[in-house]
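**Q** Dropping in final.txt, with compact mmCIF, C-alpha atoms.
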```txt
# COMPACT_ATOMS: atom_id res chain seq x y z
CA MET A 11 33.99 13.41 4.81
CA ILE A 12 31.07 13.40 2.37
CA THR A 13 28.28 15.97 2.61
CA VAL A 14 25.14 15.25 0.59
CA THR A 15 21.65 16.68 0.31
CA THR A 16 18.74 14.44 -0.61
CA THR A 17 14.97 14.34 -0.14
CA LEU A 18 12.94 11.77 1.77
CA ASP A 19 9.71 10.90 -0.02
CA ALA A 20 6.31 10.03 1.43
CA ARG A 21 7.29 6.36 1.68
CA ARG A 22 10.43 7.02 3.73
CA ARG A 23 12.69 6.45 0.73
CA LEU A 24 15.50 8.56 -0.58
CA HIS A 25 17.61 8.53 -3.69
CA LEU A 26 21.15 7.49 -2.80
CA PRO A 27 23.51 10.06 -4.35
CA LYS A 28 26.36 8.80 -6.50
CA ASP A 29 29.16 9.91 -4.15
CA LEU A 30 27.53 8.32 -1.10
CA ALA A 31 26.75 5.15 -3.05
CA ALA A 32 30.39 4.87 -4.07
CA ALA A 33 31.55 5.39 -0.47
CA THR A 34 29.22 2.69 0.85
CA GLY A 35 29.77 0.20 -1.95
CA LEU A 36 26.13 0.32 -3.03
CA GLU A 37 24.55 1.09 -6.36
CA THR A 38 22.94 4.47 -6.73
CA GLY A 39 19.16 4.34 -6.54
CA LEU A 40 16.30 4.36 -4.07
CA VAL A 41 17.04 3.23 -0.52
CA VAL A 42 14.71 2.76 2.44
CA LEU A 43 15.00 4.53 5.79
CA GLY A 44 14.15 2.39 8.81
CA VAL A 45 14.23 2.65 12.60
CA GLY A 46 17.20 1.02 14.32
CA ALA A 47 17.37 -0.89 17.59
CA GLU A 48 18.82 2.01 19.58
CA PRO A 49 17.04 5.31 20.35
CA GLY A 50 17.72 7.81 17.60
CA GLU A 51 19.26 5.18 15.33
CA LEU A 52 18.24 5.11 11.67
CA ILE A 53 19.03 2.35 9.19
CA VAL A 54 19.46 3.02 5.49
CA SER A 55 18.89 -0.13 3.43
CA THR A 56 18.47 -1.14 -0.15
CA PRO A 57 14.90 -2.35 -0.79
CA ALA A 58 16.13 -5.95 -0.95
CA ALA A 59 17.91 -5.58 2.40
CA ALA A 60 14.84 -3.93 3.94
CA LEU A 61 12.66 -6.87 2.89
CA ALA A 62 15.20 -9.38 4.22
CA ARG A 63 15.32 -7.50 7.53
CA LEU A 64 11.53 -7.49 7.76
CA ARG A 65 11.38 -11.22 7.07
CA ARG A 66 13.89 -11.90 9.84
CA ALA A 67 11.91 -9.72 12.23
CA VAL A 68 8.65 -11.51 11.40
CA SER A 69 10.22 -14.95 11.77
CA SER A 70 11.90 -14.09 15.08
CA ALA A 71 8.74 -12.53 16.49
CA LEU A 72 6.63 -15.55 15.54
CA THR A 73 9.15 -17.87 17.18
CA LEU A 74 8.89 -15.88 20.41
CA THR A 75 5.08 -16.00 20.44
CA GLY A 76 5.07 -19.80 20.28
CA GLY A 77 2.08 -19.73 17.94
CA PRO A 78 1.93 -20.23 14.17
CA SER A 79 5.35 -20.61 12.58
CA THR A 80 4.44 -18.35 9.64
CA LEU A 81 1.94 -15.61 8.88
CA SER A 82 0.60 -17.81 6.07
CA ALA A 83 -0.23 -20.47 8.66
CA ALA A 84 -1.97 -17.87 10.82
CA LEU A 85 -3.95 -16.70 7.80
CA ALA A 86 -4.96 -20.26 6.87
CA ALA A 87 -6.42 -20.69 10.36
CA ARG A 88 -8.74 -17.72 9.95
CA PRO A 89 -12.48 -18.29 9.25
CA GLY A 90 -13.13 -19.17 5.61
CA ARG A 91 -9.46 -19.65 4.81
CA THR A 92 -7.95 -22.97 3.84
CA PRO A 93 -4.40 -23.73 2.72
CA ALA A 94 -4.12 -23.64 -1.05
CA ALA A 95 -4.09 -27.12 -2.56
CA PRO A 96 -0.72 -28.29 -3.91
CA LEU A 97 -0.23 -27.71 -7.61
CA ALA A 98 -0.60 -30.99 -9.46
CA GLY A 99 2.43 -31.75 -11.59
CA GLY A 100 4.23 -28.55 -10.67
CA PRO A 101 3.37 -24.94 -11.48
CA ALA A 102 2.10 -24.04 -14.93
CA THR A 103 3.51 -20.93 -16.56
CA ALA A 104 1.41 -17.80 -16.16
CA ALA A 105 2.36 -14.38 -17.50
CA LEU A 106 1.02 -11.22 -15.93
CA PRO A 107 0.70 -8.00 -17.92
CA ALA A 108 4.10 -6.36 -18.25
CA ASP A 109 3.11 -3.26 -16.29
CA GLY A 110 0.29 -1.63 -14.38
CA PRO A 111 -1.24 -2.19 -10.93
CA ILE A 112 -2.20 -5.63 -9.63
CA MET A 113 -4.79 -6.29 -6.92
CA ALA A 114 -3.32 -8.69 -4.36
CA ASP A 115 -4.99 -10.87 -1.75
CA THR A 116 -3.74 -11.25 1.82
CA ALA A 117 -2.27 -14.67 1.05
CA VAL A 118 0.06 -13.08 -1.49
CA VAL A 119 1.34 -10.60 1.10
CA THR A 120 1.89 -13.23 3.80
CA ALA A 121 3.75 -15.42 1.28
CA VAL A 122 6.13 -12.53 0.56
CA LEU A 123 6.60 -11.81 4.27
CA ASP A 124 7.29 -15.48 5.01
CA GLY A 125 9.62 -15.93 2.05
CA ALA A 126 7.42 -18.86 1.05
CA PRO A 127 8.39 -21.19 -1.81
CA GLY A 128 7.22 -19.63 -5.05
CA ALA A 129 6.98 -16.15 -3.55
CA GLU A 130 10.37 -14.83 -4.64
CA HIS A 131 9.00 -13.99 -8.07
CA LEU A 132 6.58 -11.64 -6.33
CA VAL A 133 9.37 -9.44 -5.01
CA ALA A 134 9.82 -7.64 -8.33
CA LEU A 135 6.07 -6.98 -8.36
CA LEU A 136 5.85 -5.26 -4.97
CA PRO A 137 5.74 -1.71 -6.40
CA ARG A 138 2.74 -2.77 -8.49
CA LEU A 139 0.68 -4.42 -5.75
CA LEU A 140 -2.51 -2.76 -4.52
CA LEU A 141 -4.29 -3.91 -1.37
CA ALA A 142 -8.01 -3.42 -0.90
CA GLU A 143 -9.16 -2.13 2.49
CA ALA A 144 -10.49 -5.60 3.33
CA VAL A 145 -7.05 -7.08 2.63
CA ALA A 146 -5.32 -4.59 4.93
CA ASP A 147 -7.86 -5.47 7.64
CA ASP A 148 -7.37 -9.18 7.00
CA LEU A 149 -3.60 -8.78 7.32
CA LEU A 150 -4.06 -6.87 10.58
CA HIS A 151 -6.26 -9.62 12.01
CA THR A 152 -3.78 -12.26 10.85
CA VAL A 153 -0.89 -10.47 12.54
CA LEU A 154 -2.89 -10.11 15.76
CA ASP A 155 -3.99 -13.77 15.61
CA ALA A 156 -0.32 -14.72 15.30
CA GLY A 157 0.40 -12.95 18.58
CA LEU A 158 2.14 -9.87 17.19
CA PRO A 159 1.13 -6.39 18.40
CA LEU A 160 -0.51 -3.58 16.49
CA GLN A 161 2.43 -1.35 17.33
CA ALA A 162 5.61 -2.14 19.23
CA ASP A 163 7.06 0.16 21.87
CA GLY A 164 10.50 -0.12 20.27
CA PRO A 165 11.84 -1.47 16.99
CA GLY A 166 10.15 -4.86 17.44
CA CYS A 167 7.96 -6.46 14.79
CA SER A 168 4.36 -5.26 14.67
CA PHE A 169 1.59 -4.66 12.17
CA THR A 170 2.68 -1.03 11.93
CA SER A 171 6.30 -1.90 11.18
CA ILE A 172 5.20 -4.46 8.59
CA MET A 173 2.97 -1.96 6.81
CA ASP A 174 5.61 0.78 7.01
CA THR A 175 8.16 -1.44 5.28
CA LEU A 176 5.68 -2.70 2.68
CA THR A 177 4.73 0.90 1.90
CA ALA A 178 8.40 1.84 1.53
CA LEU A 179 8.80 -1.09 -0.87
CA GLY A 180 6.00 0.28 -3.04
CA VAL A 181 2.93 -1.66 -1.91
CA ALA A 182 -0.10 0.65 -1.76
CA GLU A 183 -3.69 0.52 -0.58
CA SER A 184 -6.25 0.93 -3.33
CA GLY A 185 -8.73 3.16 -1.51
CA ARG A 186 -12.25 3.83 -2.70
CA ASP A 187 -13.29 5.73 -5.80
CA GLY A 188 -16.39 6.56 -7.80
CA ALA A 189 -16.73 2.93 -8.87
CA TRP A 190 -17.18 1.67 -5.32
CA ALA A 191 -20.89 1.00 -5.83
CA SER A 192 -19.95 -1.33 -8.69
CA VAL A 193 -17.38 -3.00 -6.44
CA ARG A 194 -20.07 -3.74 -3.86
CA VAL A 195 -22.37 -5.23 -6.50
CA ILE A 196 -19.59 -7.47 -7.82
CA GLU A 197 -18.60 -8.46 -4.28
CA TYR A 198 -22.22 -9.50 -3.67
CA GLU A 199 -22.18 -11.66 -6.82
CA LEU A 200 -18.94 -13.28 -5.65
CA THR A 201 -20.53 -13.98 -2.26
CA LYS A 202 -23.38 -15.80 -3.99
CA ALA A 203 -20.82 -17.70 -6.08
CA GLY A 204 -19.20 -19.02 -2.91
CA VAL A 205 -15.92 -17.09 -2.81
CA PRO A 206 -15.25 -17.62 0.88
CA THR A 207 -13.55 -14.54 2.35
CA LEU A 208 -14.24 -10.82 2.19
CA ALA A 209 -10.59 -10.10 1.36
CA GLU A 210 -10.63 -12.42 -1.66
CA ARG A 211 -14.01 -11.14 -2.83
CA THR A 212 -13.00 -7.50 -2.52
CA THR A 213 -9.67 -8.11 -4.28
CA LEU A 214 -11.52 -9.69 -7.19
CA ALA A 215 -14.31 -7.10 -7.17
CA VAL A 216 -11.96 -4.10 -7.26
CA ALA A 217 -9.91 -5.79 -9.98
CA ALA A 218 -13.05 -6.40 -12.05
CA ALA A 219 -14.36 -2.85 -11.56
CA ARG A 220 -11.03 -1.25 -12.49
CA GLY A 221 -10.01 -3.68 -15.21
CA LEU A 222 -6.96 -4.92 -13.29
CA PRO A 223 -5.52 -8.41 -12.82
CA ALA A 224 -5.95 -10.09 -9.44
CA LEU A 225 -3.31 -12.16 -7.68
CA LEU A 226 -4.34 -14.82 -5.17
CA ALA A 227 -3.12 -18.09 -3.67
CA GLY A 228 -4.91 -20.99 -5.28
CA PRO A 229 -7.63 -21.15 -7.93
CA ILE A 230 -11.03 -19.65 -7.14
CA PRO A 231 -14.07 -20.56 -9.25
CA LEU A 232 -15.61 -17.42 -10.68
CA PRO A 233 -19.06 -16.90 -12.20
CA ASP A 234 -19.17 -16.18 -15.92
CA THR A 235 -20.83 -12.85 -15.17
CA ILE A 236 -17.66 -11.48 -13.51
CA ALA A 237 -15.05 -10.29 -16.01
CA VAL A 238 -11.75 -10.52 -14.15
CA THR A 239 -8.46 -12.29 -14.75
CA ALA A 240 -7.19 -13.96 -11.60
CA TYR A 241 -3.76 -15.57 -11.18
CA ASP A 242 -2.45 -18.07 -8.66
CA TYR A 243 0.88 -16.54 -7.60
CA ARG A 244 2.42 -20.01 -7.44
CA THR A 245 2.02 -20.40 -11.21
CA LEU A 246 4.22 -17.40 -11.96
CA THR A 247 7.73 -18.08 -13.16
CA GLY A 248 10.77 -15.85 -13.21
CA PRO A 249 11.35 -12.85 -15.47
CA ASP A 250 13.97 -14.72 -17.48
CA THR A 251 11.56 -17.49 -18.48
CA THR A 252 8.12 -15.92 -18.70
CA PRO A 253 7.40 -13.31 -21.39
CA GLY A 254 5.53 -10.36 -19.97
CA PHE A 255 6.62 -10.92 -16.39
CA ALA A 256 7.86 -7.72 -14.73
CA ALA A 257 11.62 -8.04 -14.49
CA ALA A 258 13.31 -7.10 -11.24
CA ALA A 259 14.74 -3.61 -11.24
CA PRO A 260 18.15 -2.75 -9.75
CA GLN A 261 18.32 -3.68 -6.04
CA GLY A 262 15.81 -6.46 -6.76
CA ILE A 263 12.63 -4.62 -5.88
CA ASP A 264 12.16 -1.01 -6.82
CA GLU A 265 12.94 1.14 -9.79
CA PRO A 266 15.20 4.11 -9.18
CA GLY A 267 13.33 7.34 -9.71
CA ALA A 268 14.10 10.99 -9.57
CA PRO A 269 15.30 12.21 -6.18
CA GLY A 270 12.32 12.62 -3.92
CA ALA A 271 9.92 11.05 -6.42
CA ASP A 272 7.21 8.85 -5.00
CA ALA A 273 6.66 5.92 -7.33
```
The structure in this file should be written as structure tokens.
**A**
Amino acid sequence: MITVTTTLDARRRLHLPKDLAAATGLETGLVVLGVGAEPGELIVSTPAAALARLRRAVSSALTLTGGPSTLSAALAARPGRTPAAPLAGGPATAALPADGPIMADTAVVTAVLDGAPGAEHLVALLPRLLLAEAVADDLLHTVLDAGLPLQADGPGCSFTSIMDTLTALGVAESGRDGAWASVRVIEYELTKAGVPTLAERTTLAVAAARGLPALLAGPIPLPDTIAVTAYDYRTLTGPDTTPGFAAAAPQGIDEPGAPGADA
């Protein structure tokens, strides 16, 4: 029998102690606490396993609804959204900054949730992704359009369960700060420039106001007056081939931190 004491952080993660890790055959590090199928059942997973479980839940739930086969398809059907054009001649190499937050559009999140081609390189970036309020709303509307509920009565897939798991994997919402007036001005300029959706405009506007990179699906023409660096996630290549790309930490997603630390 092994008795351990550990601390659950604000994202429902805990640091797996060495003795327990050895007993379970896992590496020591952060693990994610989830709700099981039975009442009172809890599931402890590595971040990679938690993401795989979420993807299976999303796929199964979409199959049952009989609607769009993926969340990306549901997003593409929303007003102003169009599927990103195929990359001519294959993806070109693009290197993100080695560290720091990244503003992400809804299409990036749905690609991760669907396990879309080209999205696996995003997994290592999850702890760095920030979602603007408009992106969280856009994801909610996409999930509802796909026939999934806001919140399930049990352990079924819902917007709440999706956001809970993404939060545990390190994805955060950006919130508003003192620069929000500047964000609104930039968002207005992007509207005039023809950037089609509020989620994309807000992602770019917050990135510009805070000096952060923005990650989207597909190229978006930007006016010269907006100083922001935007990347098409499909042009990213793996950490072993692209200098500056954030390499995957142990367990494939998150970096182990001090027990109880909230990254």
**Q** Which is closer to A:Arg244 than all the others in A:Cys167, A:Ala67, A:Ala129, A:Ala162, using all atoms listed in the file?
**A** A:Ala129
**Q** Mind giving me the axis-aligned box for stretch 218-232 of chain A with 3 Å on every side, centre plus edges in Å to one decimal, as lines of an AutoDock Vina configuration file?
**A**
```
center_x = -9.4
center_y = -11.2
center_z = -9.4
size_x = 18.5
size_y = 25.9
size_z = 17.5
```
**Q** Ranking A:Gly188, A:Gly166, A:Gly157, A:Gly128 by minimum distance to A:Arg66 and counting only C-alpha atoms, which one comes first?
**A** A:Gly166
**Q** Work out how far apart atom CA of A:Ala71 and atom CA of A:His131 are and give it in Å to one decimal.
**A**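 These atoms are spaced 24.6 Å apart.
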**Q** With distances taken over only C-alpha atoms, which of A:Ala117, A:Leu200, A:Leu141, A:Ala189 is nearest to A:Ala83?
**A**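 Closest candidate: A:Ala117.
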**Q** At a cut-off of 10 Å, using all atoms listed in the file, what residues contact A:Ala87? Leave out same-chain residues fewer than 3 positions from it and give the result as a PDB file with C-alpha atoms, in the frame of the given file.
**A**
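Once everything was written out, this is out_21.pdb:
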```
ATOM      1  CA  PRO A  78       1.930 -20.230  14.170  1.00  0.00           C
ATOM      2  CA  LEU A  81       1.940 -15.610   8.880  1.00  0.00           C
ATOM      3  CA  SER A  82       0.600 -17.810   6.070  1.00  0.00           C
ATOM      4  CA  ALA A  83      -0.230 -20.470   8.660  1.00  0.00           C
ATOM      5  CA  ALA A  84      -1.970 -17.870  10.820  1.00  0.00           C
ATOM      6  CA  GLY A  90     -13.130 -19.170   5.610  1.00  0.00           C
ATOM      7  CA  ARG A  91      -9.460 -19.650   4.810  1.00  0.00           C
ATOM      8  CA  THR A  92      -7.950 -22.970   3.840  1.00  0.00           C
ATOM      9  CA  PRO A  93      -4.400 -23.730   2.720  1.00  0.00           C
ATOM     10  CA  THR A 152      -3.780 -12.260  10.850  1.00  0.00           C
ATOM     11  CA  ASP A 155      -3.990 -13.770  15.610  1.00  0.00           C
ATOM     12  CA  ALA A 156      -0.320 -14.720  15.300  1.00  0.00           C
TER      13      ALA A 156
END
```
